[in-house]
$ cat run_26.pdb   # PDB, C-alpha atoms
ATOM      1  CA  MET W   1      16.708   3.435  -9.745
ATOM      2  CA  ASN W   2      13.525   5.178 -10.844
ATOM      3  CA  LYS W   3      13.185   8.782  -9.643
ATOM      4  CA  ASP W   4       9.609   8.200  -8.487
ATOM      5  CA  PHE W   5       7.700   5.577  -6.496
ATOM      6  CA  LEU W   6       4.443   5.210  -8.410
ATOM      7  CA  ALA W   7       4.066   1.435  -8.833
ATOM      8  CA  LEU W   8       6.112  -1.606  -7.827
ATOM      9  CA  SER W   9       6.477  -2.647 -11.476
ATOM     10  CA  GLN W  10       8.904   0.257 -11.979
ATOM     11  CA  PHE W  11      11.464  -1.458  -9.748
ATOM     12  CA  SER W  12      13.561  -4.605  -9.723
ATOM     13  CA  LYS W  13      13.471  -7.164  -6.935
ATOM     14  CA  SER W  14      16.954  -6.129  -5.791
ATOM     15  CA  GLU W  15      15.961  -2.454  -5.594
ATOM     16  CA  LEU W  16      12.895  -3.244  -3.494
ATOM     17  CA  ASP W  17      14.839  -5.678  -1.295
ATOM     18  CA  ALA W  18      17.320  -2.845  -0.624
ATOM     19  CA  ILE W  19      14.384  -0.764   0.660
ATOM     20  CA  PHE W  20      13.473  -3.620   3.040
ATOM     21  CA  THR W  21      17.071  -3.725   4.296
ATOM     22  CA  LEU W  22      17.040   0.011   4.972
ATOM     23  CA  THR W  23      13.598  -0.297   6.578
ATOM     24  CA  ARG W  24      14.939  -2.799   9.110
ATOM     25  CA  GLU W  25      17.912  -0.550   9.888
ATOM     26  CA  LEU W  26      15.783   2.568  10.363
ATOM     27  CA  LYS W  27      13.225   0.719  12.490
ATOM     28  CA  GLN W  28      15.966  -0.595  14.777
ATOM     29  CA  LYS W  29      17.445   2.886  15.160
ATOM     30  CA  GLN W  30      14.047   4.359  15.951
ATOM     31  CA  LYS W  31      13.383   1.678  18.576
ATOM     32  CA  ARG W  32      16.788   2.355  20.168
ATOM     33  CA  GLY W  33      16.156   6.074  20.185
ATOM     34  CA  GLU W  34      19.075   6.770  17.838
ATOM     35  CA  GLU W  35      18.902   9.893  15.710
ATOM     36  CA  HIS W  36      18.790   9.152  11.968
ATOM     37  CA  HIS W  37      18.387  12.485  10.223
ATOM     38  CA  LEU W  38      19.001  11.275   6.656
ATOM     39  CA  LEU W  39      16.788  14.046   5.249
ATOM     40  CA  LYS W  40      17.876  16.905   7.504
ATOM     41  CA  GLY W  41      16.752  20.246   6.112
ATOM     42  CA  LYS W  42      14.600  18.712   3.386
ATOM     43  CA  THR W  43      10.874  19.238   2.821
ATOM     44  CA  LEU W  44       8.186  16.804   1.694
ATOM     45  CA  ALA W  45       4.968  18.212   0.254
ATOM     46  CA  MET W  46       2.031  15.905   1.029
ATOM     47  CA  ILE W  47      -0.887  16.452  -1.339
ATOM     48  CA  PHE W  48      -4.187  14.906  -0.279
ATOM     49  CA  GLU W  49      -7.221  14.661  -2.529
ATOM     50  CA  LYS W  50      -8.418  11.616  -0.547
ATOM     51  CA  SER W  51      -8.695  11.914   3.232
ATOM     52  CA  SER W  52      -6.439   9.784   5.370
ATOM     53  CA  THR W  53      -5.394   8.743   8.856
ATOM     54  CA  ARG W  54      -2.467   6.323   8.462
ATOM     55  CA  THR W  55      -0.981   7.852   5.308
ATOM     56  CA  ARG W  56      -0.851  11.378   6.688
ATOM     57  CA  VAL W  57       0.400  10.481  10.171
ATOM     58  CA  SER W  58       2.995   7.955   8.985
ATOM     59  CA  PHE W  59       4.478  10.281   6.361
ATOM     60  CA  GLU W  60       4.450  13.303   8.692
ATOM     61  CA  VAL W  61       6.033  11.428  11.591
ATOM     62  CA  GLY W  62       8.455   9.661   9.261
ATOM     63  CA  MET W  63       9.676  12.870   7.700
ATOM     64  CA  TYR W  64      10.096  14.413  11.157
ATOM     65  CA  GLN W  65      12.105  11.401  12.380
ATOM     66  CA  LEU W  66      14.338  11.703   9.302
ATOM     67  CA  GLY W  67      15.096  15.317  10.249
ATOM     68  CA  GLY W  68      12.993  16.882   7.517
ATOM     69  CA  HIS W  69       9.823  18.937   7.373
ATOM     70  CA  PRO W  70       6.452  17.619   6.133
ATOM     71  CA  LEU W  71       4.002  20.063   4.558
ATOM     72  CA  PHE W  72       0.307  19.095   4.384
ATOM     73  CA  ILE W  73      -1.631  20.352   1.363
ATOM     74  CA  SER W  74      -5.308  19.636   0.732
ATOM     75  CA  THR W  75      -6.376  20.000  -2.900
ATOM     76  CA  LYS W  76      -9.609  21.693  -1.815
ATOM     77  CA  ASP W  77      -7.612  24.401  -0.021
ATOM     78  CA  SER W  78      -5.137  25.019  -2.841
ATOM     79  CA  GLN W  79      -5.198  26.183  -6.445
ATOM     80  CA  MET W  80      -5.339  22.539  -7.551
ATOM     81  CA  GLY W  81      -8.910  22.494  -6.298
ATOM     82  CA  ARG W  82      -9.671  25.455  -8.548
ATOM     83  CA  GLY W  83      -8.392  23.782 -11.679
ATOM     84  CA  GLU W  84      -4.695  24.705 -11.871
ATOM     85  CA  PRO W  85      -3.078  22.273 -14.346
ATOM     86  CA  ILE W  86      -1.148  19.426 -12.753
ATOM     87  CA  LYS W  87       1.931  20.195 -14.850
ATOM     88  CA  ASP W  88       2.019  23.751 -13.469
ATOM     89  CA  THR W  89       1.646  22.629  -9.849
ATOM     90  CA  ALA W  90       4.276  19.918 -10.309
ATOM     91  CA  ARG W  91       6.917  22.294 -11.617
ATOM     92  CA  VAL W  92       6.259  24.896  -8.917
ATOM     93  CA  MET W  93       6.333  22.307  -6.107
ATOM     94  CA  ALA W  94       9.670  21.046  -7.387
ATOM     95  CA  ARG W  95      11.109  24.552  -6.940
ATOM     96  CA  TYR W  96       9.998  24.618  -3.283
ATOM     97  CA  CYS W  97      10.221  21.034  -2.021
ATOM     98  CA  ASP W  98      12.580  18.062  -2.178
ATOM     99  CA  GLY W  99       9.846  15.492  -2.737
ATOM    100  CA  VAL W 100       6.083  15.168  -3.115
ATOM    101  CA  MET W 101       3.735  12.481  -1.803
ATOM    102  CA  ILE W 102       0.292  12.351  -3.407
ATOM    103  CA  ARG W 103      -2.829  10.502  -2.245
ATOM    104  CA  THR W 104      -5.463  10.832  -4.931
ATOM    105  CA  TYR W 105      -7.938   9.016  -7.180
ATOM    106  CA  GLY W 106      -6.456   8.606 -10.651
ATOM    107  CA  GLN W 107      -3.093   6.944 -11.318
ATOM    108  CA  GLU W 108      -2.769   9.317 -14.265
ATOM    109  CA  ILE W 109      -2.538  12.214 -11.789
ATOM    110  CA  VAL W 110       0.601  10.921 -10.061
ATOM    111  CA  GLU W 111       2.085   9.915 -13.413
ATOM    112  CA  GLU W 112       1.584  13.388 -14.892
ATOM    113  CA  PHE W 113       2.923  14.965 -11.706
ATOM    114  CA  ALA W 114       6.045  12.814 -11.981
ATOM    115  CA  ARG W 115       6.480  13.623 -15.671
ATOM    116  CA  TYR W 116       6.698  17.358 -14.986
ATOM    117  CA  SER W 117       8.442  17.274 -11.588
ATOM    118  CA  SER W 118      12.205  17.338 -11.167
ATOM    119  CA  VAL W 119      11.925  15.920  -7.618
ATOM    120  CA  PRO W 120      10.717  12.464  -6.527
ATOM    121  CA  ILE W 121       6.975  11.750  -6.503
ATOM    122  CA  ILE W 122       5.639   9.080  -4.129
ATOM    123  CA  ASN W 123       2.280   7.424  -4.684
ATOM    124  CA  GLY W 124       0.541   7.485  -1.288
ATOM    125  CA  LEU W 125      -2.486   5.766  -2.866
ATOM    126  CA  THR W 126      -4.469   5.859  -6.089
ATOM    127  CA  ASP W 127      -7.463   3.867  -7.230
ATOM    128  CA  LEU W 128      -5.113   1.662  -9.271
ATOM    129  CA  HIS W 129      -2.095   1.102  -6.990
ATOM    130  CA  HIS W 130      -1.087   1.249  -3.316
ATOM    131  CA  PRO W 131       2.666   0.452  -3.420
ATOM    132  CA  CYS W 132       3.640   1.852  -0.011
ATOM    133  CA  GLN W 133       1.053  -0.332   1.697
ATOM    134  CA  ILE W 134       2.139  -3.538  -0.042
ATOM    135  CA  MET W 135       5.778  -2.810   0.828
ATOM    136  CA  ALA W 136       4.702  -2.454   4.475
ATOM    137  CA  ASP W 137       2.705  -5.686   4.225
ATOM    138  CA  LEU W 138       5.650  -7.594   2.786
ATOM    139  CA  PHE W 139       8.041  -6.182   5.363
ATOM    140  CA  THR W 140       5.628  -7.439   8.031
ATOM    141  CA  VAL W 141       5.703 -10.881   6.409
ATOM    142  CA  ILE W 142       9.522 -10.791   6.424
ATOM    143  CA  GLU W 143       9.568  -9.847  10.117
ATOM    144  CA  HIS W 144       7.194 -12.655  11.084
ATOM    145  CA  ARG W 145       8.387 -15.364   8.685
ATOM    146  CA  GLY W 146      11.960 -14.406   7.851
ATOM    147  CA  SER W 147      11.190 -14.203   4.132
ATOM    148  CA  TYR W 148       8.404 -14.049   1.563
ATOM    149  CA  GLU W 149      10.040 -16.817  -0.463
ATOM    150  CA  GLY W 150       8.143 -20.085  -0.779
ATOM    151  CA  LEU W 151       4.940 -18.656   0.701
ATOM    152  CA  LYS W 152       1.377 -18.756  -0.567
ATOM    153  CA  ILE W 153      -0.417 -15.457  -0.100
ATOM    154  CA  ALA W 154      -4.201 -15.254  -0.428
ATOM    155  CA  TRP W 155      -6.293 -12.210  -1.238
ATOM    156  CA  VAL W 156     -10.031 -12.322  -0.497
ATOM    157  CA  GLY W 157     -12.347  -9.525  -1.613
ATOM    158  CA  ASP W 158     -12.398  -6.665  -4.066
ATOM    159  CA  GLY W 159      -9.989  -6.571  -7.006
ATOM    160  CA  ASN W 160      -8.961  -3.070  -5.975
ATOM    161  CA  ASN W 161      -5.696  -1.110  -5.771
ATOM    162  CA  MET W 162      -4.422  -3.471  -3.075
ATOM    163  CA  ALA W 163      -5.136  -6.541  -5.198
ATOM    164  CA  ASN W 164      -3.483  -4.919  -8.228
ATOM    165  CA  THR W 165      -0.338  -4.170  -6.246
ATOM    166  CA  TRP W 166      -0.223  -7.637  -4.683
ATOM    167  CA  ILE W 167      -0.319  -9.013  -8.243
ATOM    168  CA  GLU W 168       2.696  -6.909  -9.236
ATOM    169  CA  ALA W 169       4.506  -7.904  -6.038
ATOM    170  CA  ALA W 170       3.980 -11.616  -6.699
ATOM    171  CA  ALA W 171       5.536 -11.298 -10.143
ATOM    172  CA  ILE W 172       8.516  -9.328  -8.813
ATOM    173  CA  PHE W 173       9.279 -11.279  -5.620
ATOM    174  CA  GLY W 174       8.282 -14.757  -6.785
ATOM    175  CA  PHE W 175       5.805 -15.887  -4.124
ATOM    176  CA  ASP W 176       2.553 -17.678  -4.999
ATOM    177  CA  LEU W 177      -0.617 -15.569  -4.971
ATOM    178  CA  THR W 178      -4.245 -16.638  -5.226
ATOM    179  CA  LEU W 179      -6.946 -13.986  -5.386
ATOM    180  CA  ALA W 180     -10.638 -14.637  -4.751
ATOM    181  CA  CYS W 181     -12.839 -11.869  -6.131
ATOM    182  CA  PRO W 182     -16.551 -11.936  -7.006
ATOM    183  CA  LYS W 183     -17.425 -11.871 -10.691
ATOM    184  CA  GLY W 184     -17.464  -8.273 -11.875
ATOM    185  CA  TYR W 185     -14.941  -7.201  -9.227
ATOM    186  CA  GLU W 186     -11.783  -8.629 -10.753
ATOM    187  CA  PRO W 187      -8.392  -6.871 -10.536
ATOM    188  CA  ASP W 188      -7.126  -4.583 -13.278
ATOM    189  CA  ALA W 189      -6.657  -6.602 -16.469
ATOM    190  CA  ALA W 190      -3.455  -4.767 -17.453
ATOM    191  CA  ALA W 191      -1.876  -5.428 -14.045
ATOM    192  CA  MET W 192      -2.719  -9.120 -14.334
ATOM    193  CA  GLN W 193      -1.411  -9.301 -17.906
ATOM    194  CA  TRP W 194       1.890  -7.656 -16.909
ATOM    195  CA  ALA W 195       2.291  -9.973 -13.931
ATOM    196  CA  LEU W 196       1.565 -13.178 -15.853
ATOM    197  CA  ALA W 197       4.072 -12.132 -18.505
ATOM    198  CA  ASN W 198       6.797 -11.560 -15.894
ATOM    199  CA  ALA W 199       6.017 -14.052 -13.126
ATOM    200  CA  THR W 200       7.987 -17.169 -12.302
ATOM    201  CA  SER W 201       5.500 -18.105  -9.563
ATOM    202  CA  SER W 202       1.818 -19.012  -9.554
ATOM    203  CA  ILE W 203      -0.701 -16.156  -9.797
ATOM    204  CA  VAL W 204      -4.273 -17.461  -9.805
ATOM    205  CA  LEU W 205      -7.601 -15.597  -9.961
ATOM    206  CA  THR W 206     -10.729 -17.384  -8.745
ATOM    207  CA  ASP W 207     -14.166 -16.509  -7.425
ATOM    208  CA  ASP W 208     -13.909 -19.141  -4.673
ATOM    209  CA  PRO W 209     -12.598 -17.799  -1.328
ATOM    210  CA  GLN W 210     -12.054 -21.317  -0.005
ATOM    211  CA  GLU W 211      -9.781 -22.171  -2.927
ATOM    212  CA  ALA W 212      -7.763 -19.008  -2.338
ATOM    213  CA  VAL W 213      -7.328 -19.481   1.409
ATOM    214  CA  LYS W 214      -6.619 -23.227   1.382
ATOM    215  CA  ASP W 215      -3.085 -23.838   2.752
ATOM    216  CA  ALA W 216      -2.248 -20.123   2.622
ATOM    217  CA  ASP W 217       0.587 -18.730   4.739
ATOM    218  CA  VAL W 218      -0.793 -15.175   4.612
ATOM    219  CA  VAL W 219      -4.459 -14.177   4.237
ATOM    220  CA  ASN W 220      -5.235 -10.609   3.265
ATOM    221  CA  THR W 221      -8.424  -8.613   2.798
ATOM    222  CA  ASP W 222      -9.720  -5.044   2.515
ATOM    223  CA  VAL W 223     -13.005  -3.144   2.698
ATOM    224  CA  TRP W 224     -15.649  -4.096   0.152
ATOM    225  CA  ALA W 225     -16.364  -0.476  -0.814
ATOM    226  CA  SER W 226     -13.308   1.759  -1.106
ATOM    227  CA  MET W 227     -13.303   5.522  -0.755
ATOM    228  CA  GLY W 228     -15.475   7.017  -3.479
ATOM    229  CA  GLN W 229     -17.628   3.870  -3.762
ATOM    230  CA  GLU W 230     -19.885   4.539  -0.774
ATOM    231  CA  ALA W 231     -22.987   4.733  -2.994
ATOM    232  CA  GLU W 232     -22.361   1.090  -3.954
ATOM    233  CA  GLN W 233     -22.183  -0.144  -0.341
ATOM    234  CA  ASN W 234     -25.522  -1.973  -0.246
ATOM    235  CA  LYS W 235     -24.991  -3.670  -3.598
ATOM    236  CA  ARG W 236     -21.461  -4.666  -2.695
ATOM    237  CA  GLU W 237     -22.575  -6.180   0.616
ATOM    238  CA  LYS W 238     -24.819  -8.534  -1.373
ATOM    239  CA  ASP W 239     -22.218  -9.253  -4.062
ATOM    240  CA  PHE W 240     -19.505  -9.989  -1.492
ATOM    241  CA  ALA W 241     -21.605 -12.344   0.634
ATOM    242  CA  GLY W 242     -19.394 -15.352   1.303
ATOM    243  CA  TYR W 243     -16.175 -13.337   1.065
ATOM    244  CA  GLN W 244     -15.949 -12.480   4.748
ATOM    245  CA  LEU W 245     -12.677 -13.412   6.417
ATOM    246  CA  ASN W 246     -13.975 -15.300   9.451
ATOM    247  CA  GLU W 247     -12.787 -18.193  11.593
ATOM    248  CA  ALA W 248     -14.423 -20.774   9.356
ATOM    249  CA  LEU W 249     -12.590 -19.509   6.280
ATOM    250  CA  LEU W 250      -9.335 -19.021   8.189
ATOM    251  CA  ASP W 251      -9.429 -22.650   9.316
ATOM    252  CA  LEU W 252      -8.625 -23.622   5.710
ATOM    253  CA  ALA W 253      -5.302 -21.773   5.830
ATOM    254  CA  LYS W 254      -2.147 -23.127   7.448
ATOM    255  CA  GLY W 255      -2.258 -23.375  11.214
ATOM    256  CA  ASN W 256       0.368 -20.669  11.645
ATOM    257  CA  CYS W 257      -1.002 -18.315   8.981
ATOM    258  CA  MET W 258      -0.851 -14.527   9.225
ATOM    259  CA  VAL W 259      -3.824 -12.211   8.721
ATOM    260  CA  LEU W 260      -3.307  -8.784   7.159
ATOM    261  CA  HIS W 261      -5.705  -5.864   6.626
ATOM    262  CA  CYS W 262      -4.533  -2.431   5.470
ATOM    263  CA  LEU W 263      -7.241  -0.648   7.531
ATOM    264  CA  PRO W 264      -9.637   0.935   8.129
ATOM    265  CA  ALA W 265     -11.572  -2.276   8.771
ATOM    266  CA  HIS W 266     -15.332  -2.620   8.682
ATOM    267  CA  ARG W 267     -15.647  -5.280  11.355
ATOM    268  CA  GLY W 268     -18.501  -7.657  10.698
ATOM    269  CA  GLU W 269     -18.291  -7.067   6.949
ATOM    270  CA  GLU W 270     -15.060  -8.116   5.197
ATOM    271  CA  ILE W 271     -13.482  -9.365   8.444
ATOM    272  CA  THR W 272     -14.851 -10.478  11.797
ATOM    273  CA  ASP W 273     -13.830  -9.010  15.116
ATOM    274  CA  ASP W 274     -12.475 -12.316  16.387
ATOM    275  CA  VAL W 275     -10.153 -12.668  13.383
ATOM    276  CA  ILE W 276      -8.711  -9.143  13.444
ATOM    277  CA  GLU W 277      -8.235  -9.408  17.227
ATOM    278  CA  GLY W 278      -7.143 -13.044  17.097
ATOM    279  CA  PRO W 279      -3.741 -14.749  17.371
ATOM    280  CA  HIS W 280      -3.173 -14.853  13.600
ATOM    281  CA  SER W 281      -3.590 -11.093  13.169
ATOM    282  CA  ALA W 282      -0.498  -9.047  12.333
ATOM    283  CA  VAL W 283      -2.605  -5.985  11.509
ATOM    284  CA  TRP W 284      -1.066  -3.656  14.095
ATOM    285  CA  ASP W 285       2.518  -4.554  13.129
ATOM    286  CA  GLU W 286       1.447  -4.001   9.527
ATOM    287  CA  ALA W 287       0.049  -0.553  10.336
ATOM    288  CA  GLU W 288       3.219   0.448  12.214
ATOM    289  CA  ASN W 289       5.403  -0.698   9.353
ATOM    290  CA  ARG W 290       3.881   1.887   7.039
ATOM    291  CA  LEU W 291       5.999   4.379   9.017
ATOM    292  CA  HIS W 292       9.255   2.464   8.702
ATOM    293  CA  VAL W 293       8.889   1.424   5.057
ATOM    294  CA  GLN W 294       7.921   4.902   3.922
ATOM    295  CA  LYS W 295      10.919   6.363   5.752
ATOM    296  CA  ALA W 296      13.131   3.992   3.770
ATOM    297  CA  ILE W 297      11.406   4.963   0.518
ATOM    298  CA  MET W 298      11.810   8.677   1.241
ATOM    299  CA  ALA W 299      15.433   8.282   2.308
ATOM    300  CA  THR W 300      16.207   6.257  -0.825
ATOM    301  CA  LEU W 301      14.585   8.700  -3.246
ATOM    302  CA  MET W 302      15.261  12.016  -1.497
ATOM    303  CA  GLY W 303      18.572  11.358   0.278
TER     304      GLY W 303
END
$ encode --input "run_26.pdb" --output "structure tokens"
Amino acid sequence: MNKDFLALSQFSKSELDAIFTLTRELKQKQKRGEEHHLLKGKTLAMIFEKSSTRTRVSFEVGMYQLGGHPLFISTKDSQMGRGEPIKDTARVMARYCDGVMIRTYGQEIVEEFARYSSVPIINGLTDLHHPCQIMADLFTVIEHRGSYEGLKIAWVGDGNNMANTWIEAAAIFGFDLTLACPKGYEPDAAAMQWALANATSSIVLTDDPQEAVKDADVVNTDVWASMGQEAEQNKREKDFAGYQLNEALLDLAKGNCMVLHCLPAHRGEEITDDVIEGPHSAVWDEAENRLHVQKAIMATLMG
């Protein structure tokens, strides 16, 4: 198995399925109140260039539940914020810690960190990929549906890091994926090219949300302007008109469909309040499962 968790495309289906199996086991133990200190005495450095709620809390709590110690590091409060080379920081951190989670902007940052680090590096989010979140999303699908096999998953909105990672996941796991993105907001071309070259299932890109959602088992969306794109908010609101996940659009999906959103949600923009609070929403299970999936990832890489 790869030393690092930077993108789903680094792993085989069987390796990722093994993480789901461990996730289920760890979640059951946590619910029963059983101690599961698989990382007792170990330390995870958590480097944040992008602010966070769910990523920080889920990794901190997860590391604590595994018997280890999480260490929060903000780039603005460390030498990284003053221009220390990534390769220097990576090698020093590896001498102190047993693993490093990074939430940052450029994918090249986590890749360079991994290249120079002798301990596992976990991608907590970059502008290109969000692998921990998609693993949590898929585990939520497994919990609710028993499997991801044979499902149609729809993505409606920006071709962002979530869309890119869903594309990789579809190629690896073999479910059908249709993405509806406005023109000019398509997913990463390299991610799509890799997926189409490796997929055995259908991966379709359209600019029609109704086409994407029709007969979908799972409908997924995200904010229209991600962190760092706030200056584009007004333009994006105009460009994404018609891409709101509302009851009218959801009616085109299967009657028992699931709704996912990685949060934070801008209610009234990409998703309506009645949908996120409605009977199809699995958003809160999805948010909780970040904790359990990331514990399995840490235990697998750092154990």
$ residues_around --input "run_26.pdb" --residues "stretch 128-140 of chain W" --least-positions-apart "3" --cutoff "8 Å" --atoms "all atoms listed in the file" --output "PyMOL selection string"
chain W and resi 5-8+20+106-107+123-125+143-144+148+160-162+164-166+169+188+260+262+282+285-287+289-290+292-294
$ closest_residue --input "run_26.pdb" --among "W:Gly99, W:Gly174, W:Gly268, W:Gly150" --to "W:Lys3" --atoms "all atoms listed in the file"
W:Gly99
$ residues_around --input "run_26.pdb" --residues "stretch 207-224 of chain W" --least-positions-apart "6" --cutoff "9 Å" --atoms "only C-alpha atoms" --output "PyMOL selection string"
chain W and resi 141+151-158+160+162-163+177-183+186+233+236-237+240+242-245+249-266+269-271
$ axis_aligned_box --input "run_26.pdb" --around "stretch 95-110 of chain W" --padding-each-side "4 Å" --output "AutoDock Vina command-line options"
--center_x 2.3 --center_y 15.8 --center_z -8.0 --size_x 28.5 --size_y 25.7 --size_z 20.5
$ residues_around --input "run_26.pdb" --residues "stretch 75-78 of chain W" --least-positions-apart "6" --cutoff "10 Å" --atoms "all atoms listed in the file" --output "PyMOL selection string"
chain W and resi 47-50+84+104
$ atom_distance --input "run_26.pdb" --atom1 "atom CA of W:Ser117" --atom2 "atom CA of W:Val57"
24.2 Å
$ closest_residue --input "run_26.pdb" --among "W:Ser147, W:Glu168, W:Leu71, W:Glu232" --to "W:Asn198" --atoms "only C-alpha atoms"
W:Glu168
$ atom_distance --input "run_26.pdb" --atom1 "atom CA of W:Glu108" --atom2 "atom CA of W:Ile297"
20.9 Å
$ residues_around --input "run_26.pdb" --residues "W:Val100" --least-positions-apart "5" --cutoff "9 Å" --atoms "only C-alpha atoms" --output "list in words"
Thr43, Leu44, Ala45, Met46, Ile47, Ala90, Met93, Ala94, Val119, Pro120, Ile121, Ile122 and Asn123 of chain W
$ decode --input "run_26.pdb" --residues "stretch 1-8 of chain W" --atoms "all heavy atoms" --output "PDB file, in the first residue's frame"
ATOM      1  N   MET W   1       0.842  -1.199   0.000  1.00  0.00           N
ATOM      2  CA  MET W   1       0.000   0.000   0.000  1.00  0.00           C
ATOM      3  C   MET W   1       0.876   1.248   0.000  1.00  0.00           C
ATOM      4  O   MET W   1       1.958   1.263   0.576  1.00  0.00           O
ATOM      5  CB  MET W   1      -0.928   0.004   1.219  1.00  0.00           C
ATOM      6  CG  MET W   1      -1.831   1.227   1.289  1.00  0.00           C
ATOM      7  SD  MET W   1      -2.985   1.214   2.674  1.00  0.00           S
ATOM      8  CE  MET W   1      -4.201   0.038   2.100  1.00  0.00           C
ATOM      9  N   ASN W   2       0.372   2.298  -0.630  1.00  0.00           N
ATOM     10  CA  ASN W   2       1.089   3.569  -0.670  1.00  0.00           C
ATOM     11  C   ASN W   2       1.318   4.099   0.745  1.00  0.00           C
ATOM     12  O   ASN W   2       0.458   3.960   1.620  1.00  0.00           O
ATOM     13  CB  ASN W   2       0.275   4.575  -1.487  1.00  0.00           C
ATOM     14  CG  ASN W   2       1.112   5.733  -1.989  1.00  0.00           C
ATOM     15  OD1 ASN W   2       1.590   6.542  -1.201  1.00  0.00           O
ATOM     16  ND2 ASN W   2       1.281   5.810  -3.291  1.00  0.00           N
ATOM     17  N   LYS W   3       2.472   4.729   0.965  1.00  0.00           N
ATOM     18  CA  LYS W   3       2.793   5.295   2.274  1.00  0.00           C
ATOM     19  C   LYS W   3       1.859   6.443   2.641  1.00  0.00           C
ATOM     20  O   LYS W   3       1.535   6.653   3.815  1.00  0.00           O
ATOM     21  CB  LYS W   3       4.243   5.799   2.260  1.00  0.00           C
ATOM     22  CG  LYS W   3       4.659   6.614   3.492  1.00  0.00           C
ATOM     23  CD  LYS W   3       6.107   7.068   3.419  1.00  0.00           C
ATOM     24  CE  LYS W   3       6.323   8.225   2.486  1.00  0.00           C
ATOM     25  NZ  LYS W   3       5.825   9.540   3.014  1.00  0.00           N
ATOM     26  N   ASP W   4       1.410   7.181   1.639  1.00  0.00           N
ATOM     27  CA  ASP W   4       0.661   8.415   1.851  1.00  0.00           C
ATOM     28  C   ASP W   4      -0.760   8.299   1.315  1.00  0.00           C
ATOM     29  O   ASP W   4      -1.060   7.439   0.486  1.00  0.00           O
ATOM     30  CB  ASP W   4       1.369   9.584   1.153  1.00  0.00           C
ATOM     31  CG  ASP W   4       2.850   9.635   1.491  1.00  0.00           C
ATOM     32  OD1 ASP W   4       3.167   9.890   2.668  1.00  0.00           O
ATOM     33  OD2 ASP W   4       3.669   9.414   0.577  1.00  0.00           O
ATOM     34  N   PHE W   5      -1.630   9.199   1.782  1.00  0.00           N
ATOM     35  CA  PHE W   5      -3.015   9.245   1.314  1.00  0.00           C
ATOM     36  C   PHE W   5      -3.250  10.621   0.709  1.00  0.00           C
ATOM     37  O   PHE W   5      -3.762  11.534   1.348  1.00  0.00           O
ATOM     38  CB  PHE W   5      -3.968   8.983   2.483  1.00  0.00           C
ATOM     39  CG  PHE W   5      -5.362   8.607   2.060  1.00  0.00           C
ATOM     40  CD1 PHE W   5      -5.650   7.314   1.664  1.00  0.00           C
ATOM     41  CD2 PHE W   5      -6.382   9.549   2.050  1.00  0.00           C
ATOM     42  CE1 PHE W   5      -6.936   6.954   1.263  1.00  0.00           C
ATOM     43  CE2 PHE W   5      -7.659   9.205   1.661  1.00  0.00           C
ATOM     44  CZ  PHE W   5      -7.938   7.912   1.266  1.00  0.00           C
ATOM     45  N   LEU W   6      -2.865  10.755  -0.561  1.00  0.00           N
ATOM     46  CA  LEU W   6      -2.925  12.053  -1.239  1.00  0.00           C
ATOM     47  C   LEU W   6      -4.060  12.137  -2.243  1.00  0.00           C
ATOM     48  O   LEU W   6      -4.619  13.208  -2.465  1.00  0.00           O
ATOM     49  CB  LEU W   6      -1.596  12.347  -1.950  1.00  0.00           C
ATOM     50  CG  LEU W   6      -0.322  12.228  -1.105  1.00  0.00           C
ATOM     51  CD1 LEU W   6       0.886  12.628  -1.938  1.00  0.00           C
ATOM     52  CD2 LEU W   6      -0.410  13.066   0.166  1.00  0.00           C
ATOM     53  N   ALA W   7      -4.371  11.015  -2.895  1.00  0.00           N
ATOM     54  CA  ALA W   7      -5.447  10.950  -3.882  1.00  0.00           C
ATOM     55  C   ALA W   7      -5.916   9.502  -3.973  1.00  0.00           C
ATOM     56  O   ALA W   7      -5.118   8.569  -3.793  1.00  0.00           O
ATOM     57  CB  ALA W   7      -4.968  11.445  -5.246  1.00  0.00           C
ATOM     58  N   LEU W   8      -7.180   9.295  -4.280  1.00  0.00           N
ATOM     59  CA  LEU W   8      -7.712   7.934  -4.353  1.00  0.00           C
ATOM     60  C   LEU W   8      -7.038   7.125  -5.457  1.00  0.00           C
ATOM     61  O   LEU W   8      -6.913   5.900  -5.345  1.00  0.00           O
ATOM     62  CB  LEU W   8      -9.224   7.962  -4.584  1.00  0.00           C
ATOM     63  CG  LEU W   8     -10.075   8.587  -3.480  1.00  0.00           C
ATOM     64  CD1 LEU W   8     -11.557   8.386  -3.784  1.00  0.00           C
ATOM     65  CD2 LEU W   8      -9.734   8.008  -2.110  1.00  0.00           C
TER      66      LEU W   8
END
